[in-house]
file work.tsv (TSV, C-alpha atoms and all ligand atoms)
chain	number	residue	atom	x	y	z
A	189	MET	CA	0.00	0.00	0.00
A	190	ASN	CA	1.49	3.37	-0.87
A	191	LEU	CA	1.67	5.86	1.95
A	192	SER	CA	-1.10	8.20	0.89
A	193	GLU	CA	-3.44	5.18	0.54
A	194	SER	CA	-3.13	4.68	4.31
A	195	PHE	CA	-4.98	7.96	4.81
A	196	VAL	CA	-7.99	6.90	2.73
A	197	SER	CA	-11.03	6.76	4.94
A	198	LYS	CA	-14.32	4.96	4.59
A	199	LEU	CA	-16.04	6.91	7.35
A	200	GLU	CA	-19.50	7.65	6.04
A	201	SER	CA	-21.72	6.50	8.94
A	202	ASN	CA	-22.23	7.49	12.61
A	203	LEU	CA	-21.86	11.09	11.58
A	204	PRO	CA	-22.62	13.75	14.22
A	205	THR	CA	-25.63	15.89	13.32
A	206	SER	CA	-24.34	19.38	13.95
A	207	GLY	CA	-21.73	21.36	15.79
A	208	ASN	CA	-18.89	23.81	15.61
A	209	ILE	CA	-15.14	23.39	15.75
A	210	THR	CA	-12.81	26.37	16.05
A	211	CYS	CA	-9.06	26.24	15.89
A	212	LYS	CA	-6.06	28.43	15.26
A	213	SER	CA	-3.04	27.53	13.20
A	214	PRO	CA	0.10	29.56	12.62
A	215	SER	CA	2.25	30.54	9.71
A	216	ASN	CA	5.77	29.13	9.50
A	217	ILE	CA	9.11	30.35	8.19
A	218	ALA	CA	11.39	27.95	6.35
A	219	LEU	CA	15.06	27.82	7.31
A	220	VAL	CA	15.82	25.39	4.49
A	221	LYS	CA	13.49	26.26	1.65
A	222	TYR	CA	11.08	24.17	-0.37
A	223	TRP	CA	11.25	25.36	-3.97
A	224	GLY	CA	10.28	22.93	-6.70
A	225	LYS	CA	7.55	20.34	-6.62
A	226	ARG	CA	6.01	17.40	-8.46
A	227	PRO	CA	2.34	16.39	-8.55
A	228	VAL	CA	0.46	16.50	-6.24
A	229	GLN	CA	2.23	19.01	-4.02
A	230	LEU	CA	5.18	16.72	-3.35
A	231	PRO	CA	8.46	18.49	-2.64
A	232	GLU	CA	11.58	18.05	-4.76
A	233	ASN	CA	13.69	18.56	-1.65
A	234	PRO	CA	13.23	18.36	2.11
A	235	SER	CA	12.64	21.60	4.03
A	236	ILE	CA	12.72	22.59	7.69
A	237	SER	CA	10.97	25.48	9.39
A	238	PHE	CA	10.23	27.35	12.58
A	239	THR	CA	6.55	27.32	13.36
A	240	LEU	CA	5.41	30.83	14.26
A	241	ASP	CA	3.12	31.89	17.06
A	242	GLU	CA	1.54	35.32	16.69
A	243	CYS	CA	0.86	35.15	12.95
A	244	HIS	CA	-2.03	32.72	12.71
A	245	THR	CA	-5.42	32.05	11.21
A	246	ILE	CA	-8.45	31.30	13.36
A	247	THR	CA	-10.96	29.14	11.55
A	248	SER	CA	-14.37	28.08	12.68
A	249	LEU	CA	-16.21	25.22	10.99
A	250	THR	CA	-19.93	24.98	11.61
A	251	TYR	CA	-21.36	21.72	10.35
A	252	GLN	CA	-24.89	20.53	9.79
A	253	LYS	CA	-25.57	17.04	8.54
A	254	ARG	CA	-27.60	16.80	5.36
A	255	GLU	CA	-30.41	14.35	4.63
A	256	THR	CA	-28.51	13.03	1.64
A	257	LYS	CA	-25.00	13.04	0.29
A	258	ALA	CA	-24.43	16.24	-1.69
A	259	THR	CA	-23.51	16.11	-5.35
A	260	GLU	CA	-21.51	19.34	-4.95
A	261	PHE	CA	-19.57	20.32	-1.83
A	262	SER	CA	-21.84	22.49	0.25
A	263	PHE	CA	-20.09	25.36	2.02
A	264	GLU	CA	-20.24	29.07	2.65
A	265	PHE	CA	-17.02	30.93	3.26
A	266	TYR	CA	-16.63	34.06	5.37
A	267	PHE	CA	-13.41	36.00	5.83
A	268	GLU	CA	-13.37	38.34	8.82
A	269	GLY	CA	-17.13	38.11	9.03
A	270	GLU	CA	-17.77	38.93	5.37
A	271	ARG	CA	-18.90	36.45	2.79
A	272	LYS	CA	-16.07	35.96	0.31
A	273	GLU	CA	-16.95	34.36	-3.00
A	274	SER	CA	-13.44	35.00	-4.32
A	275	PHE	CA	-11.99	32.41	-1.88
A	276	ARG	CA	-14.41	29.67	-2.96
A	277	PRO	CA	-12.40	28.19	-5.86
A	278	LYS	CA	-9.39	27.53	-3.62
A	279	ILE	CA	-11.51	25.77	-1.02
A	280	GLN	CA	-13.48	23.90	-3.67
A	281	LYS	CA	-10.18	22.60	-5.09
A	282	PHE	CA	-8.98	21.69	-1.61
A	283	PHE	CA	-12.17	19.71	-0.91
A	284	GLU	CA	-11.84	17.92	-4.25
A	285	ARG	CA	-8.28	16.92	-3.40
A	286	ILE	CA	-9.04	15.72	0.13
A	287	GLU	CA	-12.40	14.03	-0.47
A	288	LYS	CA	-10.89	10.58	-0.95
A	289	TYR	CA	-9.35	10.83	2.52
A	290	VAL	CA	-12.33	12.43	4.32
A	291	PRO	CA	-15.42	11.26	2.36
A	292	PHE	CA	-17.77	12.40	5.12
A	293	ILE	CA	-17.38	16.03	3.96
A	294	ARG	CA	-20.02	15.42	1.30
A	295	TYR	CA	-22.61	14.70	3.99
A	296	TYR	CA	-22.46	18.19	5.48
A	297	ASP	CA	-23.45	21.77	4.90
A	298	PHE	CA	-20.50	23.79	6.17
A	299	VAL	CA	-20.09	27.39	7.17
A	300	ILE	CA	-16.41	28.31	7.36
A	301	ASP	CA	-15.41	31.53	9.04
A	302	SER	CA	-11.77	32.58	9.01
A	303	ARG	CA	-9.68	35.48	10.18
A	304	ASN	CA	-5.99	36.25	10.38
A	305	THR	CA	-4.14	37.94	13.22
A	306	PHE	CA	-1.82	39.63	10.72
A	307	PRO	CA	-2.91	42.34	8.34
A	308	HIS	CA	-4.55	41.05	5.19
A	309	SER	CA	-2.38	41.41	2.07
A	310	SER	CA	0.62	42.27	4.22
A	311	GLY	CA	2.67	40.09	1.94
A	312	ILE	CA	2.70	37.42	4.66
A	313	ALA	CA	1.54	34.20	3.06
A	314	SER	CA	-1.77	33.34	4.64
A	315	SER	CA	-2.01	30.05	2.77
A	316	ALA	CA	0.16	28.21	5.33
A	317	SER	CA	-1.90	29.24	8.34
A	318	GLY	CA	-5.20	29.23	6.41
A	319	MET	CA	-4.86	25.79	4.88
A	320	SER	CA	-3.43	24.19	8.01
A	321	ALA	CA	-6.29	25.62	10.09
A	322	LEU	CA	-8.86	24.28	7.65
A	323	ALA	CA	-7.20	20.86	7.53
A	324	TYR	CA	-7.13	20.79	11.33
A	325	VAL	CA	-10.85	21.53	11.79
A	326	VAL	CA	-11.72	18.87	9.20
A	327	MET	CA	-9.57	16.37	11.09
A	328	LYS	CA	-11.22	17.36	14.38
A	329	LEU	CA	-14.52	16.45	12.74
A	330	GLU	CA	-13.03	13.10	11.72
A	331	LYS	CA	-11.99	12.62	15.34
A	332	GLU	CA	-15.61	13.20	16.43
A	333	ILE	CA	-16.72	10.53	13.99
A	334	ASN	CA	-13.91	8.20	15.01
A	335	PRO	CA	-12.87	8.88	18.63
A	336	GLU	CA	-10.25	6.14	18.41
A	337	LEU	CA	-8.10	8.28	16.15
A	338	THR	CA	-4.98	9.13	18.19
A	339	LYS	CA	-3.72	12.70	18.47
A	340	GLU	CA	-0.54	11.68	16.68
A	341	ASP	CA	-2.40	10.15	13.73
A	342	MET	CA	-4.74	13.12	13.61
A	343	LEU	CA	-1.88	15.61	13.36
A	344	LYS	CA	-0.13	13.51	10.74
A	345	LYS	CA	-3.24	13.32	8.59
A	346	ALA	CA	-4.02	17.03	9.13
A	347	SER	CA	-0.52	17.79	7.84
A	348	PHE	CA	-1.10	15.44	4.90
A	349	LEU	CA	-4.37	17.22	4.03
A	350	ALA	CA	-2.88	20.70	4.53
A	351	ARG	CA	-0.12	19.79	2.07
A	352	LEU	CA	-2.75	19.13	-0.58
A	353	GLY	CA	-4.05	22.68	-0.01
A	354	SER	CA	-0.70	24.47	0.01
A	355	GLY	CA	2.65	22.68	0.25
A	356	SER	CA	4.34	24.60	3.04
A	357	ALA	CA	1.09	24.60	5.07
A	358	CYS	CA	1.87	21.03	6.12
A	359	ARG	CA	4.69	22.39	8.32
A	360	SER	CA	2.32	24.51	10.45
A	361	LEU	CA	0.48	21.82	12.42
A	362	GLU	CA	3.23	21.20	14.94
A	363	GLY	CA	6.16	23.10	16.36
A	364	PRO	CA	8.55	24.58	17.25
A	365	ILE	CA	10.53	23.00	14.37
A	366	THR	CA	9.12	20.79	11.65
A	367	VAL	CA	10.56	18.88	8.72
A	368	TRP	CA	8.78	18.12	5.48
A	369	GLY	CA	10.24	15.87	2.79
A	370	LYS	CA	12.24	12.68	3.02
A	371	HIS	CA	15.70	13.16	4.51
A	372	GLU	CA	18.00	10.19	5.00
A	373	ALA	CA	19.04	11.21	8.53
A	374	ILE	CA	15.46	11.68	9.75
A	375	GLU	CA	13.82	8.30	9.64
A	376	ILE	CA	10.28	9.49	10.33
A	377	SER	CA	10.44	12.19	7.62
A	378	SER	CA	8.13	11.93	4.63
A	379	ASP	CA	7.27	13.70	1.39
A	380	ASP	CA	3.58	13.25	2.24
A	381	TYR	CA	3.43	15.23	5.47
A	382	ALA	CA	5.60	17.16	7.90
A	383	VAL	CA	6.85	15.80	11.20
A	384	SER	CA	7.96	17.46	14.37
A	385	TYR	CA	11.78	17.71	14.42
A	386	PRO	CA	12.79	14.60	16.36
A	387	PHE	CA	16.29	15.41	17.62
A	388	GLU	CA	17.91	17.43	20.40
A	389	VAL	CA	17.65	21.22	20.16
A	390	HIS	CA	20.04	23.45	22.12
A	391	ASP	CA	18.62	26.07	24.50
A	392	ASN	CA	20.01	28.81	22.22
A	393	PHE	CA	17.06	28.12	19.94
A	394	LYS	CA	14.42	28.22	22.66
A	395	ASN	CA	11.80	30.92	21.99
A	396	TYR	CA	13.79	32.06	18.95
A	397	CYS	CA	12.42	35.37	17.72
A	398	ASP	CA	11.27	36.37	14.25
A	399	THR	CA	10.40	40.00	13.54
A	400	ILE	CA	8.80	40.32	10.14
A	401	LEU	CA	9.55	43.58	8.37
A	402	LEU	CA	6.78	44.43	5.94
A	403	VAL	CA	8.70	45.85	3.02
A	404	ASP	CA	6.14	45.45	0.31
A	405	LYS	CA	2.50	44.63	0.69
A	406	GLY	CA	1.63	44.60	-3.00
A	407	GLU	CA	0.56	41.60	-5.05
A	408	LYS	CA	3.54	39.47	-6.01
A	409	GLN	CA	4.34	39.65	-9.72
A	410	VAL	CA	5.08	35.93	-9.77
A	411	SER	CA	3.14	33.45	-7.63
A	412	SER	CA	4.81	30.59	-5.73
A	413	THR	CA	3.00	28.12	-8.00
A	414	VAL	CA	4.67	29.62	-11.06
A	415	GLY	CA	8.02	29.84	-9.24
A	416	HIS	CA	7.92	26.14	-8.24
A	417	ASP	CA	7.09	25.24	-11.83
A	418	LEU	CA	10.11	27.12	-13.14
A	419	MET	CA	12.34	24.66	-11.30
A	420	HIS	CA	11.43	22.09	-13.97
A	421	GLY	CA	14.29	22.27	-16.44
A	422	HIS	CA	16.10	24.86	-14.31
A	423	PRO	CA	19.86	24.60	-14.96
A	424	PHE	CA	20.75	24.46	-11.26
A	425	ALA	CA	17.76	22.46	-9.98
A	426	GLN	CA	19.43	19.12	-9.24
A	427	ARG	CA	22.35	20.67	-7.38
A	428	ARG	CA	19.96	22.91	-5.47
A	429	PHE	CA	17.85	19.95	-4.32
A	430	GLU	CA	20.98	18.17	-3.08
A	431	GLN	CA	22.18	21.34	-1.34
A	432	ALA	CA	18.90	21.59	0.59
A	433	SER	CA	19.43	18.06	1.96
A	434	GLU	CA	23.01	18.91	2.89
A	435	ASN	CA	21.85	22.05	4.68
A	436	ILE	CA	19.36	20.03	6.71
A	437	SER	CA	22.19	17.69	7.73
A	438	ARG	CA	24.17	20.76	8.81
A	439	LEU	CA	21.22	22.08	10.79
A	440	ILE	CA	20.88	18.78	12.66
A	441	THR	CA	24.43	19.29	13.98
A	442	ILE	CA	23.80	23.00	14.62
A	443	PHE	CA	20.56	22.48	16.53
A	444	LYS	CA	22.41	20.08	18.82
A	445	SER	CA	25.53	22.18	19.39
A	446	GLY	CA	23.83	25.59	19.53
A	447	ASP	CA	26.40	27.04	17.09
A	448	LEU	CA	24.68	30.30	16.13
A	449	ASN	CA	27.35	31.43	13.65
A	450	ALA	CA	26.87	28.25	11.67
A	451	PHE	CA	23.10	28.69	11.94
A	452	ILE	CA	23.36	32.19	10.45
A	453	GLU	CA	25.45	30.91	7.56
A	454	VAL	CA	22.98	28.16	6.61
A	455	VAL	CA	19.88	30.33	7.02
A	456	GLU	CA	21.10	33.37	5.09
A	457	SER	CA	22.61	31.21	2.36
A	458	GLU	CA	19.26	29.41	1.99
A	459	ALA	CA	17.37	32.70	1.68
A	460	LEU	CA	19.72	34.03	-0.98
A	461	THR	CA	19.80	30.71	-2.82
A	462	LEU	CA	15.99	30.71	-3.01
A	463	HIS	CA	16.08	34.14	-4.63
A	464	ALA	CA	19.03	33.13	-6.82
A	465	MET	CA	16.85	30.30	-8.16
A	466	MET	CA	14.23	32.89	-9.09
A	467	MET	CA	16.79	35.12	-10.77
A	468	THR	CA	18.18	32.20	-12.79
A	469	SER	CA	14.82	30.78	-13.90
A	470	LEU	CA	13.55	31.27	-17.42
A	471	PRO	CA	11.70	33.58	-17.42
A	472	TYR	CA	13.76	35.16	-14.61
A	473	PHE	CA	12.23	37.34	-11.95
A	474	ILE	CA	13.13	39.30	-8.83
A	475	LEU	CA	10.89	39.48	-5.78
A	476	MET	CA	13.25	41.46	-3.56
A	477	LYS	CA	12.87	45.25	-3.50
A	478	PRO	CA	15.61	47.84	-2.99
A	479	ASN	CA	14.55	48.10	0.67
A	480	THR	CA	15.00	44.34	1.10
A	481	LEU	CA	18.66	44.76	0.15
A	482	SER	CA	19.10	47.85	2.33
A	483	ILE	CA	17.79	45.91	5.32
A	484	ILE	CA	20.14	42.99	4.63
A	485	GLN	CA	23.05	45.43	4.41
A	486	LYS	CA	22.08	47.05	7.73
A	487	ILE	CA	21.76	43.66	9.43
A	488	TRP	CA	25.27	42.71	8.25
A	489	GLU	CA	26.69	46.01	9.50
A	490	TYR	CA	24.97	45.67	12.87
A	491	ARG	CA	26.24	42.12	13.25
A	492	LYS	CA	29.78	43.20	12.49
A	493	GLU	CA	29.66	46.10	14.94
A	494	THR	CA	27.97	44.34	17.84
A	495	ASP	CA	28.71	40.63	17.48
A	496	SER	CA	24.96	40.07	17.60
A	497	LYS	CA	23.61	36.74	16.34
A	498	ILE	CA	20.87	38.43	14.35
A	499	CYS	CA	20.26	37.12	10.82
A	500	PHE	CA	17.68	37.32	8.07
A	501	THR	CA	15.65	35.02	5.94
A	502	LEU	CA	13.23	35.65	3.09
A	503	ASP	CA	10.27	33.79	1.71
A	504	ALA	CA	8.88	34.22	-1.77
A	505	GLY	CA	8.49	37.99	-1.47
A	506	ALA	CA	10.18	41.23	-0.47
A	507	ASN	CA	9.53	41.07	3.28
A	508	VAL	CA	12.43	40.30	5.59
A	509	HIS	CA	12.21	37.90	8.52
A	510	VAL	CA	14.72	39.01	11.14
A	511	LEU	CA	15.73	36.03	13.29
A	512	TYR	CA	17.51	36.32	16.64
A	513	PRO	CA	17.90	34.59	20.00
A	514	GLU	CA	15.50	35.53	22.78
A	515	THR	CA	18.40	36.87	24.87
A	516	GLU	CA	18.94	39.67	22.32
A	517	LYS	CA	15.32	40.71	22.11
A	518	GLU	CA	15.57	44.15	23.67
A	519	GLN	CA	18.64	45.29	21.74
A	520	VAL	CA	17.40	43.94	18.42
A	521	ILE	CA	13.99	45.60	18.75
A	522	GLU	CA	15.81	48.87	19.50
A	523	PHE	CA	17.95	48.37	16.39
A	524	ILE	CA	14.88	47.60	14.28
A	525	LYS	CA	13.10	50.70	15.57
A	526	SER	CA	16.03	53.00	14.98
A	527	GLU	CA	17.55	51.57	11.78
A	528	LEU	CA	15.11	49.34	9.91
A	529	VAL	CA	11.60	50.67	10.37
A	530	GLY	CA	12.26	53.36	7.76
A	531	TYR	CA	12.52	50.64	5.09
A	532	CYS	CA	9.13	49.13	5.98
A	533	GLN	CA	5.93	50.13	4.24
A	534	LYS	CA	4.12	52.49	6.60
A	535	GLY	CA	6.74	51.53	9.20
A	536	GLN	CA	5.00	48.21	9.78
A	537	TYR	CA	6.58	45.13	11.34
A	538	ILE	CA	5.31	42.16	13.33
A	539	CYS	CA	7.10	40.67	16.33
A	540	ASP	CA	6.76	36.91	16.43
A	541	LYS	CA	8.59	33.91	17.85
A	542	VAL	CA	8.58	30.15	17.48
A	543	GLY	CA	5.33	28.47	18.45
A	544	LEU	CA	3.75	25.09	18.87
A	545	GLY	CA	1.38	24.65	15.96
A	546	ALA	CA	-2.36	24.20	15.58
A	547	GLN	CA	-4.65	24.24	18.61
A	548	LEU	CA	-8.33	24.13	19.38
A	549	VAL	CA	-9.71	27.47	20.49
B	1	LIG	O1	3.79	26.47	-0.04
B	1	LIG	P1	4.06	27.38	-1.19
B	1	LIG	O2	3.70	26.74	-2.50
B	1	LIG	O3	3.47	28.75	-0.99
B	1	LIG	O4	5.65	27.60	-1.31
B	1	LIG	C1	6.36	28.24	-0.31
B	1	LIG	C2	7.76	28.39	-0.71
B	1	LIG	C3	8.64	29.22	0.22
B	1	LIG	O5	7.90	29.95	1.16
B	1	LIG	C4	9.42	30.18	-0.63
B	1	LIG	C5	9.64	28.33	0.94
B	1	LIG	C6	9.10	27.47	2.03
B	1	LIG	O6	9.67	26.38	2.22
B	1	LIG	O7	8.18	27.88	2.74
call {"tool": "encode", "arguments": {"input": "work.tsv", "output": "structure tokens"}}
result
Amino acid sequence: MNLSESFVSKLESNLPTSGNITCKSPSNIALVKYWGKRPVQLPENPSISFTLDECHTITSLTYQKRETKATEFSFEFYFEGERKESFRPKIQKFFERIEKYVPFIRYYDFVIDSRNTFPHSSGIASSASGMSALAYVVMKLEKEINPELTKEDMLKKASFLARLGSGSACRSLEGPITVWGKHEAIEISSDDYAVSYPFEVHDNFKNYCDTILLVDKGEKQVSSTVGHDLMHGHPFAQRRFEQASENISRLITIFKSGDLNAFIEVVESEALTLHAMMMTSLPYFILMKPNTLSIIQKIWEYRKETDSKICFTLDAGANVHVLYPETEKEQVIEFIKSELVGYCQKGQYICDKVGLGAQLV
């Protein structure tokens, strides 16, 4: 039996009549980046991320059992209290992809109500928190139908479903560090879902901080979907995929030893490599903005002057994630306020830190 077959469910009886499940699920920031995929939403290389805490989506699923199985999925979607038709196609597609694994969804009329704790269209990807929150409430419903489902199996399947919605969303269910994609040194790792990082983590990484500088809140010119696709036939793709695995091996050693200089080197190199892949695609594109580069320059200067362990990472956009140990919080926030805020759109930034993943509210 192939792995994804093990998630197929036959649950179509003993369905609860009505109820509501509300949960919150965070965003995550990759340290080793996923860039390049094969159908359906399977990664070309393993990735590892910090789960965030403050930046999350709260999703409420109200369910009412129907008399008969619906021919179309039956759901209404509200975002921040307002009905949003524009979000329907994404959810429709998600339901189509997950139906085989959660067939009971056709027996319900759903009302889904979602809101984010971070500003909408801030350039922070809401698909990771949004899709993981939706996957989690659906799995909570499965747990009500089948109380024997263990918490561990529920989280694994929620991650599996979230992946079908948006790849990196599968890393948001657990925390503080998760791994997605098969890596030879991590036996439990899988391309189908993310797992909680299973090895020792030094205290240096406890409550690690991430301040997200909102450099550009505009629509991205090139979506992640298109970017992933451009890795097919990319001249550096194979070497890049190998490098990601090597960087995860390095991080395993770093997480154990607490070597922050080595951590900085891997994380910043990963961020720049991700953007180098974009710049060397055909067609090529650039998602960084001049202010992204100014911030990076300032961070390097500050590190040189102060011996701080501050570093940066980027996702598929212009915003900068500033990462630093909890012990440096006060000084780094001061530095951000005095030196970096000027590069942020409307001076906006969000202070976050590593978190533990999805939770019931
Ligand atoms: O999950 P997607 O398809 O939005 O891709 C996310 C890709 C990056 O954020 C750039 C890297 C990552 O691993 O999260």
call {"tool": "residues_near_ligand", "arguments": {"input": "work.tsv", "ligand": "ligand LIG 1 (chain B)", "cutoff": "6 Å", "atoms": "all atoms listed in the file", "output": "MDAnalysis selection string"}}
result
chainID A and resid 218 221:223 235 354:356 412:413 503:504
call {"tool": "residues_around", "arguments": {"input": "work.tsv", "residues": "region 474-478 of chain A", "least_positions_apart": "2", "cutoff": "9 Å", "atoms": "only C-alpha atoms", "output": "count of residues only"}}
result
19
call {"tool": "residues_around", "arguments": {"input": "work.tsv", "residues": "Asp417 (chain A)", "least_positions_apart": "6", "cutoff": "10 Å", "atoms": "all atoms listed in the file", "output": "PDB file with C-alpha atoms, keeping the file's coordinate frame"}}
result
ATOM      1  CA  TRP A 223      11.250  25.360  -3.970  1.00  0.00           C
ATOM      2  CA  GLY A 224      10.280  22.930  -6.700  1.00  0.00           C
ATOM      3  CA  LYS A 225       7.550  20.340  -6.620  1.00  0.00           C
ATOM      4  CA  ARG A 226       6.010  17.400  -8.460  1.00  0.00           C
ATOM      5  CA  SER A 469      14.820  30.780 -13.900  1.00  0.00           C
TER       6      SER A 469
END
call {"tool": "atom_distance", "arguments": {"input": "work.tsv", "atom1": "CA of Ser274 (chain A)", "atom2": "CA of Lys212 (chain A)"}}
result
21.9 Å
call {"tool": "closest_residue", "arguments": {"input": "work.tsv", "among": "A:Pro471, A:Pro513, A:Gly363, A:Pro214", "to": "Gly318 (chain A)", "atoms": "only C-alpha atoms"}}
result
A:Pro214
call {"tool": "closest_residue", "arguments": {"input": "work.tsv", "among": "A:Lys525, A:Arg491, A:Lys517, A:Lys328", "to": "Val549 (chain A)", "atoms": "only C-alpha atoms"}}
result
A:Lys328
